[in-house]
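Chemist: So that we are looking at the same thing, I have put the structure below in structure tokens.
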Amino acid sequence: MKDIRVNLKKYPYHIIIGRNTIKFLPALLKKLSIGKDACIITNPAIKKRYGSSVSRLLRAAGFSDKFIVVADSEKSKSLACAWRVIRNLAAYDKNKRIFIVALGGGVIGDLSGFIASVYKRGVGYIQVPTTLLAQVDSSIGGKTAVDLKEAKNLIGAFYHPRLVLSDVNFLKTLPKRQIKSGLAEVIKYGLIKDKRLFSFIENRYRDILSADTASLEYIVAASAAIKAKIVSLDEKEEKGIRTLLNFGHTIGHAIEAAGGYLRYNHGEAIALGMVFAADLSQRLRLLNQQAFKRIVELIKDSGLPVSARNISLQKVLNAHYRDKKFRGKRNRFVLINAIGEAKIKEGIPLKLIKKSLQKILLPAYLL
Ligand SMILES: NC(=O)c1ccc[n+]([C@@H]2O[C@H](COP(=O)([O-])OP(=O)(O)OC[C@H]3O[C@@H](n4cnc5c(N)ncnc54)[C@H](O)[C@@H]3O)[C@@H](O)[C@H]2O)c1
Ligand SMILES: [Zn+2]
């Protein structure tokens with residue numbers, strides 16, 4: 001079991017990672033002393049699989065529990081859904097000391113964190129992430145959000161959980177496509193900060209894809225440690241340190257948007273974005289050819305795409321101009337000098353960006 005601390009001034013918190021760590025839930029909650037009445041926000045599929053065991057653990061330790069179930073879809077990250085959950089919370093919350101448990105993937109985590117941040121001007125919440133992506137990324141760092149039709153994650157706040165409890169046993173029931181999606185983020189951590197993690201995935205990608213819990217525990221812990229450190233140094237993304245986590249995301253987000261959020265899931269789009277960023281790094285003579293080849297090879301081995309067909313380059317370019325992280329008129333990309341070493345570059349010539357985009361966006365005649 002691993003215990004990683006996110007060092008924040010106001011409410012530092014712990015990330016507990018391991019196999020069957022869910023059994024520590026009651027003891028950890030007692031230590032936090034954030035309330036007696038657990039409101040568990042989850043979706044029907046996760047409730048069916050894990051609801052009764054979580055409920056049993058809580059009740060045996062004297063907590064009350066109420067499940068609030070939302071649909072299993074990105075559409076649940078909406079103000080309308082948040083409103084329904086809040087009405088439910090308010091009806092339940094009479095003479096109680098409630099706290100929120102986000103039991104699920106990134107959709108549940110982002111929605112629950114957002115609700116926790118606004119209900120009664122903020123109630124305590126914990127993250128119990130059940131997808132690889134949520135365990136390595138979305139449950140850590142306090143970014144909460146719901147989507148608007150204009151863009152994803154447009155409404156939200158920084159509001160940190162009081163605890164992240166990651167049990168890798170949950171990942172045994174996760175569909176393979178979701179494992180791959182989370183693995184893209186893990187590869188990202190390797191590329192920006194940890195060449196040992198990158199090599200570990202090169203050696204163990206087969207075990208990871210078949211949900212071997214020891215391998216999963218290693219990659220979740222290594223990734224969470226990197227994210228925790230970065231968030232501790234630059235909580236609100238003001239110092240250019242947290243920006244490094246955006247490696248592969250500028251173009252990745254644009255590809256997700258250009259595909260109408262249907263064609264590629266987050267990890268698949270990020271995989272394409274990472275190939276783009278590595279190619280651009282090579283064109284700018286930051287990264288050598290051998291490292292570039294290793295990156296493309298690992299992304300392929302992980303069952304993730306390295307090129308896309310029938311996605312318009314212009315659409316991607318247009319979407320990337322709308323990136324929240326754009327600084328005025330100057331573009332800004334996270335690139336790499338080597339595997340494990342990231343740097344930020346601004347004002348990259350459009351000609352080079354287009355060339356690297358052509359590397360990942362294949363023209364229709366190659367179909
Ligand atoms: N807050 C952040 O910092 C941050 C970072 C990255 C992504 N995100 C957000 O995360 C969301 C994506 O999260 P996600 O990839 O976890 O998707 P998700 O929450 O939609 O979960 C993916 C699917 O897996 C199912 N599932 C979850 N746990 C399972 C389990 N243990 N066994 C079987 N099935 C299970 C879910 O029901 C769902 O169908 C996006 O909305 C994205 O914007 C947020
Ligand atoms: Zn991401």
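We label chains A, B, ... in the order they appear in the structure tokens, count residues from 1 in each chain, and number ligands from 1 in the order shown.
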Kindly compile the residues surrounding ligand 2 within 10 Å, counting only C-alpha atoms and all ligand atoms, and format them as a list of chain:residue names.
Modeler: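 These are the residues that qualify: A:Leu133, A:Ala134, A:Val136, A:Asp137, A:Ser138, A:Ser181, A:Gly182, A:Ala184, A:Glu185, A:Val186, A:Lys188, A:Leu245, A:Asn246, A:Phe247, A:Gly248, A:His249, A:Thr250, A:Gly252, A:His253, A:His266, A:Gly267, A:Glu268, A:Ala269, A:Ile270, A:Ala271.
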Chemist: What do you get as a PyMOL selection string if you pick all residues at most 9 Å from ligand 1, counting only C-alpha atoms and all ligand atoms?
Modeler: chain A and resi 42-46+49-50+71-75+77+103-111+113+129-147+152-153+168-175+178-179+181-182+185+265-267
Chemist: Pick out each residue of range 91-149 of chain A that DSSP on the backbone tags as alpha helix (DSSP H); I need them as a ChimeraX atom specification.
Modeler: /A:91-92,106-118,132-133
Chemist: So that I can see what lies close to Ser232 in chain A, please list as a count of residues only the residues with an atom at most 8 Å from it, counting only C-alpha atoms and leaving out residues fewer than 6 positions away in the same chain.
Modeler: 3
Chemist: Using CA of Asp301 in chain A and CA of Glu202 in chain A as the two end points, give the distance in Å to one decimal.
Modeler: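 One can read the CA of Asp301 in chain A to CA of Glu202 in chain A distance as 8.2 Å.
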Chemist: May I ask which of the residues A:Tyr264, A:Phe99, A:Ile241, A:Asp207 is the closest one to Lys229 in chain A, counting only C-alpha atoms?
Modeler: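 Closest to Lys229 in chain A, using only C-alpha atoms: A:Ile241.
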